[in-house]
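Enquirer: Here you go, this is input.txt (compact mmCIF, C-alpha atoms).
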```txt
# COMPACT_ATOMS: atom_id res chain seq x y z
CA PHE Q 237 149.66 -237.06 -63.14
CA VAL Q 238 153.27 -236.72 -62.04
CA GLU Q 239 152.36 -233.81 -59.80
CA TYR Q 240 149.83 -235.89 -57.87
CA PHE Q 241 152.16 -238.87 -57.50
CA PRO Q 242 155.58 -237.39 -56.95
CA LYS Q 243 157.08 -240.52 -55.30
CA LEU Q 244 156.51 -242.71 -58.29
CA SER Q 245 159.19 -242.98 -60.84
CA ARG Q 246 158.77 -240.71 -63.73
CA PRO Q 247 157.67 -242.39 -66.92
CA MET Q 248 159.89 -242.04 -69.89
CA ALA Q 249 157.02 -240.39 -71.87
CA THR Q 250 153.28 -239.67 -71.62
CA PRO Q 251 151.33 -242.31 -73.39
CA ASP Q 252 149.87 -241.16 -76.67
CA HIS Q 253 146.35 -242.18 -75.84
CA LEU Q 254 146.51 -240.19 -72.61
CA GLU Q 255 147.96 -237.17 -74.39
CA ALA Q 256 145.20 -237.28 -76.97
CA ARG Q 257 142.54 -237.61 -74.31
CA MET Q 258 143.99 -234.69 -72.35
CA GLU Q 259 144.07 -232.47 -75.44
CA SER Q 260 140.51 -233.44 -76.29
CA LEU Q 261 139.44 -232.74 -72.73
CA SER Q 262 141.18 -229.38 -72.79
CA ARG Q 263 139.49 -228.37 -76.04
CA THR Q 264 136.15 -229.53 -74.70
CA ALA Q 265 136.67 -227.47 -71.55
CA VAL Q 266 137.52 -224.39 -73.61
CA ARG Q 267 134.47 -224.82 -75.81
CA PHE Q 268 132.34 -225.44 -72.76
CA GLN Q 269 133.69 -222.27 -71.14
CA GLU Q 270 133.05 -220.29 -74.32
CA ASN Q 271 129.52 -221.70 -74.57
CA VAL Q 272 128.86 -220.88 -70.93
CA GLU Q 273 130.09 -217.32 -71.45
CA ALA Q 274 128.06 -216.98 -74.66
CA ARG Q 275 124.93 -218.35 -73.01
CA SER Q 276 125.52 -216.08 -70.00
CA ARG Q 277 125.87 -213.09 -72.33
CA GLU Q 278 122.75 -214.13 -74.21
CA LEU Q 279 120.88 -214.55 -70.91
CA GLU Q 280 122.00 -211.07 -69.85
CA LEU Q 281 120.85 -209.65 -73.18
CA ILE Q 282 117.51 -211.39 -72.77
CA LYS Q 283 117.13 -209.95 -69.27
CA GLN Q 284 117.97 -206.48 -70.60
CA ARG Q 285 115.49 -206.95 -73.45
CA MET Q 286 112.79 -208.00 -70.99
CA ARG Q 287 113.47 -204.96 -68.80
CA TRP Q 288 113.45 -202.77 -71.90
CA GLU Q 289 110.15 -204.29 -73.08
CA ASP Q 290 108.66 -203.68 -69.65
CA THR Q 291 109.71 -200.03 -69.88
CA VAL Q 292 108.20 -199.90 -73.36
CA ARG Q 293 104.86 -201.15 -72.06
CA GLN Q 294 104.93 -198.51 -69.33
CA ALA Q 295 105.88 -195.82 -71.85
CA LEU Q 296 103.07 -196.78 -74.23
CA LEU Q 297 100.61 -196.76 -71.33
CA TYR Q 298 101.85 -193.34 -70.16
CA LEU Q 299 101.66 -191.84 -73.64
CA SER Q 300 98.18 -193.27 -74.11
CA GLU Q 301 97.09 -191.74 -70.80
CA GLN Q 302 98.64 -188.40 -71.76
CA GLU Q 303 96.83 -188.47 -75.08
CA ALA Q 304 93.55 -189.13 -73.26
CA ALA Q 305 94.30 -186.36 -70.75
CA ILE Q 306 94.99 -183.90 -73.58
CA GLU Q 307 91.75 -184.92 -75.30
CA THR Q 308 89.84 -184.35 -72.04
CA PHE Q 309 91.52 -180.97 -71.58
CA VAL Q 310 90.56 -179.94 -75.11
CA GLU Q 311 86.93 -181.05 -74.92
CA GLU Q 312 86.11 -180.01 -71.35
CA LYS Q 313 88.17 -176.84 -70.90
CA ALA Q 314 90.01 -175.51 -73.92
CA ARG Q 315 87.55 -175.84 -76.79
CA TRP Q 316 85.39 -172.79 -77.39
CA GLN Q 317 81.65 -173.33 -77.09
CA SER Q 318 78.96 -170.98 -78.35
CA ASP Q 319 77.32 -170.91 -74.91
CA THR Q 320 80.55 -169.75 -73.21
CA GLN Q 321 80.59 -166.29 -74.75
CA SER Q 322 78.27 -164.95 -72.05
CA ALA Q 323 80.87 -165.86 -69.43
CA ILE Q 324 83.63 -163.84 -71.00
CA HIS Q 325 85.34 -161.42 -68.61
CA SER Q 326 87.46 -158.41 -69.30
CA ASP Q 327 90.42 -159.77 -67.35
CA ASP Q 328 92.97 -162.38 -68.36
CA ASP Q 329 91.96 -165.02 -65.76
CA GLU Q 330 90.54 -167.41 -68.33
CA GLU Q 331 93.61 -167.31 -70.55
CA THR Q 332 95.95 -167.57 -67.56
CA VAL Q 333 94.19 -170.68 -66.25
CA LEU Q 334 94.18 -172.40 -69.63
CA ARG Q 335 97.79 -171.48 -70.41
CA THR Q 336 98.93 -172.68 -66.99
CA GLU Q 337 97.20 -176.03 -67.30
CA TRP Q 338 98.52 -176.56 -70.82
CA SER Q 339 102.01 -175.64 -69.65
CA ASN Q 340 101.79 -178.23 -66.87
CA ILE Q 341 100.86 -180.93 -69.39
CA TYR Q 342 103.68 -179.81 -71.68
CA SER Q 343 106.26 -179.79 -68.86
CA SER Q 344 105.17 -183.22 -67.64
CA LEU Q 345 105.46 -184.70 -71.13
CA LYS Q 346 108.85 -183.13 -71.84
CA ASP Q 347 110.19 -184.26 -68.48
CA TYR Q 348 109.06 -187.82 -69.21
CA GLU Q 349 110.67 -187.70 -72.63
CA GLU Q 350 114.02 -186.62 -71.19
CA LYS Q 351 114.01 -189.08 -68.29
CA THR Q 352 112.41 -192.11 -69.95
CA LEU Q 353 111.96 -191.94 -73.70
CA VAL Q 354 115.41 -190.64 -74.60
CA PRO Q 355 117.20 -193.29 -72.44
CA LEU Q 356 114.79 -195.88 -73.84
CA GLN Q 357 115.86 -195.00 -77.38
CA LYS Q 358 119.53 -195.10 -76.45
CA ARG Q 359 119.13 -198.48 -74.70
CA PHE Q 360 117.35 -199.82 -77.77
CA GLU Q 361 120.24 -198.78 -80.00
CA SER Q 362 122.70 -200.32 -77.53
CA LEU Q 363 120.79 -203.61 -77.47
CA VAL Q 364 120.71 -203.72 -81.25
CA ASP Q 365 124.47 -203.11 -81.47
CA GLU Q 366 125.30 -205.65 -78.76
CA SER Q 367 123.04 -208.26 -80.32
CA ASN Q 368 124.53 -207.73 -83.77
CA ASN Q 369 128.06 -207.98 -82.37
CA HIS Q 370 127.25 -211.10 -80.39
CA PHE Q 371 125.62 -212.94 -83.26
CA ASN Q 372 127.92 -211.58 -85.93
CA ASN Q 373 128.17 -213.74 -89.06
CA THR Q 374 125.34 -216.00 -87.89
CA ASN Q 375 121.69 -216.40 -88.77
CA ILE Q 376 120.70 -216.25 -85.11
CA THR Q 377 118.99 -213.10 -83.80
CA LEU Q 378 118.01 -212.15 -80.29
CA LEU Q 379 115.83 -209.22 -81.43
CA PRO Q 380 112.99 -210.40 -83.65
CA THR Q 381 110.91 -208.14 -85.89
CA ALA Q 382 108.26 -207.77 -83.16
CA PHE Q 383 110.92 -206.32 -80.87
CA MET Q 384 112.03 -203.81 -83.48
CA LYS Q 385 108.41 -202.80 -84.09
CA LYS Q 386 107.93 -201.96 -80.42
CA MET Q 387 110.40 -199.10 -80.72
CA GLN Q 388 108.52 -197.89 -83.76
CA ASP Q 389 105.30 -198.06 -81.74
CA VAL Q 390 106.87 -195.92 -79.00
CA GLN Q 391 108.08 -193.36 -81.53
CA ALA Q 392 104.68 -193.27 -83.22
CA ALA Q 393 102.93 -192.83 -79.85
CA GLN Q 394 105.35 -190.06 -78.91
CA GLU Q 395 104.79 -188.25 -82.20
CA ARG Q 396 101.03 -188.65 -81.86
CA THR Q 397 101.06 -187.28 -78.31
CA SER Q 398 103.22 -184.33 -79.40
CA TYR Q 399 100.79 -183.70 -82.26
CA TYR Q 400 97.85 -183.70 -79.84
CA LEU Q 401 99.78 -181.36 -77.55
CA ASP Q 402 100.39 -178.92 -80.39
CA PHE Q 403 96.73 -179.22 -81.43
CA SER Q 404 95.59 -178.46 -77.88
CA ASN Q 405 97.82 -175.38 -77.85
CA GLN Q 406 96.15 -174.14 -81.04
CA VAL Q 407 92.73 -174.80 -79.48
CA VAL Q 408 93.71 -172.76 -76.40
CA THR Q 409 94.94 -169.95 -78.67
CA GLN Q 410 91.70 -170.14 -80.64
CA ARG Q 411 89.63 -170.00 -77.44
CA CYS Q 412 91.53 -166.98 -76.08
CA LEU Q 413 91.45 -165.05 -79.37
CA VAL Q 414 87.75 -165.73 -79.93
CA SER Q 415 87.01 -164.58 -76.37
CA ALA Q 416 89.09 -161.45 -76.94
CA PHE Q 417 87.31 -160.84 -80.25
CA ILE Q 418 83.86 -161.16 -78.67
CA LEU Q 419 84.86 -158.92 -75.78
CA ARG Q 420 86.27 -156.27 -78.12
CA THR Q 421 83.24 -156.33 -80.42
CA ALA Q 422 80.92 -156.06 -77.41
CA GLN Q 423 82.86 -153.00 -76.27
CA LEU Q 424 82.57 -151.50 -79.75
CA GLU Q 425 78.82 -152.13 -79.76
CA GLN Q 426 78.55 -150.32 -76.43
CA SER Q 427 80.61 -147.46 -77.85
CA ALA Q 428 78.29 -147.32 -80.87
CA GLU Q 429 75.28 -147.00 -78.60
CA LEU Q 430 76.94 -144.19 -76.63
CA ILE Q 431 77.89 -142.38 -79.84
CA ARG Q 432 74.34 -142.74 -81.14
CA GLU Q 433 72.88 -141.30 -77.94
CA GLU Q 434 75.38 -138.45 -78.09
CA PHE Q 435 74.51 -137.68 -81.72
CA ILE Q 436 70.77 -137.71 -80.99
CA ALA Q 437 71.10 -135.59 -77.84
CA THR Q 438 73.27 -132.95 -79.53
CA LYS Q 439 71.36 -129.80 -80.42
CA VAL Q 440 72.71 -128.17 -83.56
CA ALA Q 441 72.56 -124.51 -82.57
CA GLY Q 442 74.80 -121.53 -81.93
CA GLY Q 443 77.33 -119.79 -84.09
CA ASN Q 444 79.27 -121.13 -87.02
CA ALA Q 445 82.32 -121.94 -84.92
CA HIS Q 446 80.22 -123.83 -82.36
CA ILE Q 447 78.37 -125.87 -85.00
CA ALA Q 448 81.59 -126.61 -86.89
CA GLY Q 449 83.22 -127.73 -83.64
CA LEU Q 450 80.34 -130.11 -82.88
CA LEU Q 451 80.49 -131.64 -86.35
CA GLU Q 452 84.25 -132.00 -86.18
CA ASN Q 453 84.01 -133.71 -82.79
CA HIS Q 454 81.30 -136.11 -84.03
CA THR Q 455 83.31 -136.90 -87.16
CA GLU Q 456 86.40 -137.63 -85.08
CA ARG Q 457 84.45 -139.95 -82.78
CA LEU Q 458 83.05 -141.82 -85.76
CA GLU Q 459 86.49 -142.13 -87.38
CA LYS Q 460 87.92 -143.63 -84.16
CA PHE Q 461 85.00 -146.04 -84.02
CA LYS Q 462 85.64 -147.09 -87.65
CA ALA Q 463 89.37 -147.52 -86.88
CA GLY Q 464 88.43 -149.83 -83.99
CA ILE Q 465 86.24 -151.92 -86.30
CA ASP Q 466 89.03 -152.17 -88.89
CA ASP Q 467 91.55 -153.20 -86.23
CA VAL Q 468 89.30 -155.96 -84.91
CA ARG Q 469 88.43 -157.26 -88.37
CA ASP Q 470 91.89 -156.98 -89.99
CA HIS Q 471 94.09 -158.02 -87.07
CA LEU Q 472 92.23 -159.79 -84.27
CA ALA Q 473 89.76 -161.78 -86.37
CA THR Q 474 92.35 -162.83 -88.94
CA SER Q 475 94.73 -164.12 -86.24
CA ILE Q 476 92.26 -166.76 -85.00
CA PRO Q 477 93.51 -170.27 -85.89
CA TYR Q 478 91.16 -173.01 -87.06
CA PRO Q 479 92.91 -176.31 -86.21
CA VAL Q 480 91.70 -179.67 -87.49
CA ARG Q 481 93.37 -182.97 -86.61
CA GLU Q 482 94.59 -184.59 -89.83
CA LEU Q 483 96.25 -187.76 -88.48
CA GLN Q 484 95.01 -191.01 -89.98
CA THR Q 485 94.54 -192.44 -86.48
CA VAL Q 486 92.09 -189.65 -85.57
CA SER Q 487 88.47 -190.75 -85.78
CA THR Q 488 86.12 -189.23 -88.32
CA GLN Q 489 83.88 -188.09 -85.47
CA ALA Q 490 86.74 -186.08 -83.91
CA LYS Q 491 87.53 -184.42 -87.25
CA ILE Q 492 83.86 -183.54 -87.74
CA LYS Q 493 83.77 -181.99 -84.28
CA ASP Q 494 86.86 -179.88 -85.09
CA GLU Q 495 85.32 -178.70 -88.35
CA THR Q 496 81.94 -177.99 -86.70
CA THR Q 497 83.53 -175.86 -83.99
CA ASN Q 498 85.54 -173.95 -86.59
CA SER Q 499 82.40 -173.40 -88.67
CA VAL Q 500 80.51 -172.00 -85.66
CA ILE Q 501 83.41 -169.67 -84.85
CA HIS Q 502 83.54 -168.50 -88.48
CA GLU Q 503 79.83 -167.70 -88.38
CA THR Q 504 80.17 -165.89 -85.05
CA VAL Q 505 83.06 -163.77 -86.32
CA ASP Q 506 81.28 -162.96 -89.59
CA MET Q 507 78.05 -162.11 -87.77
CA ARG Q 508 79.75 -159.74 -85.34
CA ASN Q 509 81.77 -158.08 -88.11
CA THR Q 510 78.58 -157.57 -90.10
CA ARG Q 511 76.85 -156.14 -87.04
CA LEU Q 512 79.68 -153.66 -86.47
CA ASP Q 513 79.55 -152.59 -90.13
CA GLU Q 514 75.81 -152.03 -89.82
CA LEU Q 515 76.31 -149.96 -86.66
CA TRP Q 516 78.93 -147.85 -88.38
CA ALA Q 517 76.68 -147.32 -91.41
CA SER Q 518 73.82 -146.31 -89.12
CA LEU Q 519 76.00 -143.83 -87.23
CA GLN Q 520 77.37 -142.49 -90.51
CA GLN Q 521 73.81 -141.94 -91.73
CA LEU Q 522 72.88 -140.21 -88.47
CA LEU Q 523 75.92 -137.95 -88.71
CA GLU Q 524 75.08 -137.06 -92.29
CA SER Q 525 71.57 -136.17 -91.13
CA LYS Q 526 73.06 -133.89 -88.46
CA GLU Q 527 75.34 -132.36 -91.07
CA ARG Q 528 72.36 -131.58 -93.34
CA VAL Q 529 70.55 -129.92 -90.46
CA SER Q 530 73.73 -128.04 -89.67
CA ARG Q 531 74.07 -126.86 -93.27
CA ARG Q 532 70.62 -125.28 -93.09
CA ARG Q 533 71.39 -123.62 -89.79
CA LEU Q 534 74.81 -122.52 -90.96
CA SER Q 535 73.34 -121.14 -94.19
CA LEU Q 536 70.66 -119.25 -92.30
CA HIS Q 537 73.18 -118.00 -89.76
CA SER Q 538 75.57 -116.87 -92.52
CA PHE Q 539 72.75 -115.09 -94.32
CA LYS Q 540 71.75 -113.23 -91.16
CA LYS Q 541 75.34 -112.20 -90.52
CA GLN Q 542 75.83 -111.12 -94.10
CA ALA Q 543 72.51 -109.21 -93.99
CA GLN Q 544 73.74 -107.34 -90.92
CA VAL Q 545 76.99 -106.50 -92.71
CA ALA Q 546 75.02 -105.31 -95.78
CA GLU Q 547 72.70 -103.28 -93.59
CA ALA Q 548 75.64 -101.61 -91.89
CA TRP Q 549 77.22 -100.94 -95.29
CA ILE Q 550 73.99 -99.43 -96.65
CA GLU Q 551 73.57 -97.24 -93.58
CA SER Q 552 77.14 -95.97 -93.84
CA ARG Q 553 76.75 -95.23 -97.54
CA HIS Q 554 73.35 -93.64 -96.90
CA GLU Q 555 74.95 -91.33 -94.39
CA ILE Q 556 77.62 -90.38 -96.91
CA LEU Q 557 75.04 -89.62 -99.58
CA SER Q 558 72.90 -87.67 -97.09
CA ASN Q 559 75.88 -85.50 -96.21
CA SER Q 560 76.60 -84.98 -99.92
CA ASN Q 561 73.00 -83.93 -100.62
CA SER Q 562 73.20 -81.30 -97.87
CA TYR Q 563 75.66 -79.29 -99.99
CA MET Q 564 72.92 -78.72 -102.61
CA LEU Q 565 70.36 -77.17 -100.28
CA PRO Q 566 69.35 -73.56 -101.37
CA GLN Q 567 69.79 -72.00 -97.95
CA MET Q 568 73.44 -73.00 -97.81
CA THR Q 569 76.31 -71.48 -99.65
CA VAL Q 570 77.76 -73.80 -102.25
CA ASP Q 571 81.38 -74.81 -101.62
CA LEU Q 572 82.92 -75.99 -104.87
CA GLU Q 573 85.50 -78.21 -103.22
CA LYS Q 574 82.92 -79.84 -101.01
CA LEU Q 575 80.67 -80.26 -104.00
CA LYS Q 576 83.45 -82.08 -105.86
CA GLU Q 577 83.99 -84.27 -102.80
CA ALA Q 578 80.26 -85.02 -102.66
CA VAL Q 579 80.18 -85.96 -106.33
CA SER Q 580 83.22 -88.18 -105.85
CA GLN Q 581 81.64 -89.91 -102.88
CA ALA Q 582 78.40 -90.49 -104.77
CA ASP Q 583 80.34 -91.87 -107.70
CA SER Q 584 82.29 -94.24 -105.43
CA VAL Q 585 79.04 -95.48 -103.92
CA GLU Q 586 77.63 -96.10 -107.38
CA GLN Q 587 80.77 -97.94 -108.52
CA ALA Q 588 80.76 -100.03 -105.37
CA MET Q 589 77.15 -101.05 -106.00
CA LYS Q 590 77.96 -102.08 -109.59
CA SER Q 591 81.07 -104.08 -108.63
CA ASN Q 592 80.99 -107.91 -108.73
CA ASP Q 593 82.70 -108.21 -105.34
CA THR Q 594 80.57 -106.16 -103.01
CA VAL Q 595 78.69 -106.68 -99.80
CA LEU Q 596 75.49 -106.91 -101.79
CA SER Q 597 76.87 -109.57 -104.15
CA SER Q 598 78.08 -111.57 -101.13
CA LEU Q 599 74.62 -111.22 -99.61
CA ASN Q 600 73.03 -112.55 -102.80
CA SER Q 601 75.47 -115.50 -102.88
CA VAL Q 602 74.77 -116.43 -99.26
CA PHE Q 603 71.05 -116.05 -99.91
CA ASP Q 604 71.21 -118.46 -102.86
CA LYS Q 605 73.07 -121.04 -100.73
CA CYS Q 606 70.52 -120.66 -97.98
CA ILE Q 607 67.65 -121.19 -100.42
CA SER Q 608 69.42 -124.28 -101.87
CA ALA Q 609 69.91 -125.78 -98.41
CA PHE Q 610 66.26 -125.28 -97.46
CA GLN Q 611 65.06 -126.69 -100.77
CA ASP Q 612 66.99 -129.97 -100.10
CA THR Q 613 64.15 -132.43 -99.33
CA SER Q 614 66.35 -135.45 -98.52
CA LEU Q 615 66.45 -134.54 -94.84
CA ASP Q 616 62.66 -134.12 -94.73
CA GLN Q 617 62.25 -137.57 -96.27
CA GLU Q 618 64.58 -139.08 -93.66
CA GLU Q 619 62.74 -137.45 -90.77
CA GLU Q 620 59.43 -138.77 -92.08
```
Can I see the file as structure tokens?
Expert:
Amino acid sequence: FVEYFPKLSRPMATPDHLEARMESLSRTAVRFQENVEARSRELELIKQRMRWEDTVRQALLYLSEQEAAIETFVEEKARWQSDTQSAIHSDDDEETVLRTEWSNIYSSLKDYEEKTLVPLQKRFESLVDESNNHFNNTNITLLPTAFMKKMQDVQAAQERTSYYLDFSNQVVTQRCLVSAFILRTAQLEQSAELIREEFIATKVAGGNAHIAGLLENHTERLEKFKAGIDDVRDHLATSIPYPVRELQTVSTQAKIKDETTNSVIHETVDMRNTRLDELWASLQQLLESKERVSRRRLSLHSFKKQAQVAEAWIESRHEILSNSNSYMLPQMTVDLEKLKEAVSQADSVEQAMKSNDTVLSSLNSVFDKCISAFQDTSLDQEEE
């Protein structure tokens, strides 16, 4: 008052009623300023909450669209179908295409999480802290339960989308492994047919070494074929995953479709494994048939060889005995030393004939084996 009217005489003292009014006005102004600042801060928090809620709506929409896109990818491209096995190729184009598309979905989702969902979570925590600090020690809240639940909805949608993404990856892996399994079993079936034709076309003839070499080669081929079957069954088939979505939000129809696809794949794998086992058993039976034929031929060949050795032995011993008998002819002079030598040679021939380990005993043994092989009627029954 004095400042605005400097020419007036100064009063001795400010009137009490004016002093009281001025103090009341000052306190009112302070409270008004505090209320304005508080309401401004609350308005700013409300604006931030509205922007945050708008981002939440966009995030929920994006995650829902991603979930639908993953579902489409699974059903239209990734999931194995029984009518797709005829389109399997020997190259890796199919797997490359599927892996690339899945990787693009994965990269897009992770990029959105880093640029949107992580900041959204941090902003939510900041809003909660600022709201709690602003309304500290009061019953007023700027963030109702519905607001808090929205963050939970975002987290649940993110977890569900990540679950679908992991499920789709397992489906892609299943598709690729099943395709590889079918391709490998088809190759083994082709190999079995080639081995069968080779076994049938092979003529079991020639010497012992030749026949033994043929049998050894056939046995080695069959062992490699059996090793291929074991590798496919024990490693490739067992590595195929069978994913089923277990989330409560997944429809019963979707779960049934997962289980149906897995059941069809199980049946396909079991059927092809059984077919390979049958092919191996058939080839094993064919090889055993060849081996029985070979045993007859080998026995006959061994007997002929042994007969030739026995014949040569008999001729040599016959010549020795003939020479010994010539010493006893009347027209020749008897030489005592030569006569002793002749007797000794005749005795050695006799001892050799009585021995258990002679050419003749070997001939008898080979003859018995030959007779046994030809008396085996199992091969004749098979050929009939």
Enquirer: Nearest residue to Glu361 in chain Q out of Q:Trp288, Q:Ile556, Q:Glu425, Q:Ile418, using only C-alpha atoms?
Expert: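 Using only C-alpha atoms, the shortest distance to Glu361 in chain Q belongs to Q:Trp288.
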Enquirer: In Å, with one decimal, what is the gap from CA of Gln406 in chain Q to CA of Pro477 in chain Q?
Expert: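 A separation of 6.7 Å between them.
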Enquirer: Between CA of Phe360 in chain Q and CA of Asp347 in chain Q, what is the distance in Å, rounded to a tenth?
Expert: 19.5 Å
Enquirer: In Å, with one decimal, what is the gap from CA of Thr308 in chain Q to CA of Leu413 in chain Q?
Expert: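 CA of Leu413 in chain Q lies 20.7 Å from CA of Thr308 in chain Q.
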Enquirer: Tell me, as a VMD selection string, which residues lie within 10 Å of range 378-395 of chain Q, counting all atoms listed in the file; anything in the same chain fewer than 5 positions away does not count.
Expert: chain Q and resid 278 281 to 282 285 288 to 289 292 to 293 295 to 300 302 to 303 345 349 353 356 to 357 360 to 361 363 to 364 366 to 368 370 to 371 400 to 401
Enquirer: Residues at most 12 Å from range 491-499 of chain Q, counting all atoms listed in the file, excluding those fewer than 4 positions away in the same chain, as a ChimeraX atom specification?
Expert: /Q:310-311,314-318,403-404,406-407,410-411,414,476-487,503-506
Enquirer: Could you give me the axis-aligned bounding box of range 416-422 of chain Q, with 3 Å of padding per side, as centre plus edge lengths in Å to one decimal, as JSON?
Expert:
```
{"center_x": 85.0, "center_y": -158.8, "center_z": -78.1, "size_x": 14.2, "size_y": 11.4, "size_z": 10.6}
```
Enquirer: Measuring between all atoms listed in the file, which one of Q:Asp329, Q:Asp466, Q:Glu350, Q:Glu456 shows the shortest distance to Leu512 in chain Q?
Expert: Q:Asp466
Enquirer: Between Q:Asn405, Q:Ser260, Q:Gln269, Q:Thr488, which residue has the minimum interatomic distance to Ser339 in chain Q, considering all atoms listed in the file?
Expert: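 For Ser339 in chain Q, the nearest of the given residues is Q:Asn405.
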Enquirer: Residues at most 10 Å from Gln520 in chain Q, counting only C-alpha atoms, excluding those fewer than 6 positions away in the same chain, as a VMD selection string?
Expert: chain Q and resid 432 454 to 455 458 to 459 462 514 526
Enquirer: Keeping only C-alpha atoms, write the selected residues to a file as a PDB file, in the frame of the given file.
Expert:
```pdb
ATOM      1  CA  ARG Q 432      74.340-142.740 -81.140  1.00  0.00           C
ATOM      2  CA  HIS Q 454      81.300-136.110 -84.030  1.00  0.00           C
ATOM      3  CA  THR Q 455      83.310-136.900 -87.160  1.00  0.00           C
ATOM      4  CA  LEU Q 458      83.050-141.820 -85.760  1.00  0.00           C
ATOM      5  CA  GLU Q 459      86.490-142.130 -87.380  1.00  0.00           C
ATOM      6  CA  LYS Q 462      85.640-147.090 -87.650  1.00  0.00           C
ATOM      7  CA  GLU Q 514      75.810-152.030 -89.820  1.00  0.00           C
ATOM      8  CA  LYS Q 526      73.060-133.890 -88.460  1.00  0.00           C
TER       9      LYS Q 526
END
```
Enquirer: Only N, CA, C and O atoms, please: range 274-286 of chain Q from the block, as a PDB file, in the first residue's frame.
Expert:
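The resulting file, out.pdb, is reproduced below:
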```
ATOM      1  N   ALA Q 274      -0.538 -29.062  -8.759  1.00  0.00           N
ATOM      2  CA  ALA Q 274      -0.946 -30.456  -8.574  1.00  0.00           C
ATOM      3  C   ALA Q 274      -1.873 -30.897  -9.695  1.00  0.00           C
ATOM      4  O   ALA Q 274      -1.720 -31.990 -10.265  1.00  0.00           O
ATOM      5  N   ARG Q 275      -2.871 -29.995 -10.020  1.00  0.00           N
ATOM      6  CA  ARG Q 275      -3.765 -30.354 -11.113  1.00  0.00           C
ATOM      7  C   ARG Q 275      -3.026 -30.419 -12.437  1.00  0.00           C
ATOM      8  O   ARG Q 275      -3.335 -31.277 -13.290  1.00  0.00           O
ATOM      9  N   SER Q 276      -2.053 -29.556 -12.634  1.00  0.00           N
ATOM     10  CA  SER Q 276      -1.256 -29.592 -13.878  1.00  0.00           C
ATOM     11  C   SER Q 276      -0.473 -30.902 -13.958  1.00  0.00           C
ATOM     12  O   SER Q 276      -0.375 -31.524 -15.027  1.00  0.00           O
ATOM     13  N   ARG Q 277       0.090 -31.307 -12.807  1.00  0.00           N
ATOM     14  CA  ARG Q 277       0.844 -32.564 -12.791  1.00  0.00           C
ATOM     15  C   ARG Q 277      -0.086 -33.744 -13.029  1.00  0.00           C
ATOM     16  O   ARG Q 277       0.253 -34.668 -13.765  1.00  0.00           O
ATOM     17  N   GLU Q 278      -1.281 -33.675 -12.404  1.00  0.00           N
ATOM     18  CA  GLU Q 278      -2.239 -34.753 -12.629  1.00  0.00           C
ATOM     19  C   GLU Q 278      -2.686 -34.800 -14.086  1.00  0.00           C
ATOM     20  O   GLU Q 278      -2.839 -35.878 -14.676  1.00  0.00           O
ATOM     21  N   LEU Q 279      -2.909 -33.614 -14.685  1.00  0.00           N
ATOM     22  CA  LEU Q 279      -3.291 -33.548 -16.089  1.00  0.00           C
ATOM     23  C   LEU Q 279      -2.198 -34.133 -16.983  1.00  0.00           C
ATOM     24  O   LEU Q 279      -2.487 -34.871 -17.937  1.00  0.00           O
ATOM     25  N   GLU Q 280      -0.951 -33.831 -16.647  1.00  0.00           N
ATOM     26  CA  GLU Q 280       0.170 -34.377 -17.421  1.00  0.00           C
ATOM     27  C   GLU Q 280       0.235 -35.903 -17.276  1.00  0.00           C
ATOM     28  O   GLU Q 280       0.468 -36.621 -18.252  1.00  0.00           O
ATOM     29  N   LEU Q 281      -0.002 -36.370 -16.043  1.00  0.00           N
ATOM     30  CA  LEU Q 281      -0.013 -37.826 -15.839  1.00  0.00           C
ATOM     31  C   LEU Q 281      -1.159 -38.474 -16.606  1.00  0.00           C
ATOM     32  O   LEU Q 281      -1.001 -39.574 -17.157  1.00  0.00           O
ATOM     33  N   ILE Q 282      -2.298 -37.802 -16.637  1.00  0.00           N
ATOM     34  CA  ILE Q 282      -3.430 -38.347 -17.388  1.00  0.00           C
ATOM     35  C   ILE Q 282      -3.115 -38.393 -18.878  1.00  0.00           C
ATOM     36  O   ILE Q 282      -3.434 -39.375 -19.562  1.00  0.00           O
ATOM     37  N   LYS Q 283      -2.486 -37.317 -19.385  1.00  0.00           N
ATOM     38  CA  LYS Q 283      -2.094 -37.325 -20.801  1.00  0.00           C
ATOM     39  C   LYS Q 283      -1.114 -38.463 -21.093  1.00  0.00           C
ATOM     40  O   LYS Q 283      -1.226 -39.163 -22.107  1.00  0.00           O
ATOM     41  N   GLN Q 284      -0.142 -38.647 -20.201  1.00  0.00           N
ATOM     42  CA  GLN Q 284       0.825 -39.729 -20.389  1.00  0.00           C
ATOM     43  C   GLN Q 284       0.141 -41.097 -20.329  1.00  0.00           C
ATOM     44  O   GLN Q 284       0.478 -41.999 -21.089  1.00  0.00           O
ATOM     45  N   ARG Q 285      -0.833 -41.219 -19.404  1.00  0.00           N
ATOM     46  CA  ARG Q 285      -1.556 -42.490 -19.300  1.00  0.00           C
ATOM     47  C   ARG Q 285      -2.354 -42.748 -20.565  1.00  0.00           C
ATOM     48  O   ARG Q 285      -2.414 -43.878 -21.060  1.00  0.00           O
ATOM     49  N   MET Q 286      -2.966 -41.699 -21.112  1.00  0.00           N
ATOM     50  CA  MET Q 286      -3.744 -41.854 -22.343  1.00  0.00           C
ATOM     51  C   MET Q 286      -2.843 -42.249 -23.514  1.00  0.00           C
ATOM     52  O   MET Q 286      -3.214 -43.121 -24.320  1.00  0.00           O
TER      53      MET Q 286
END
```
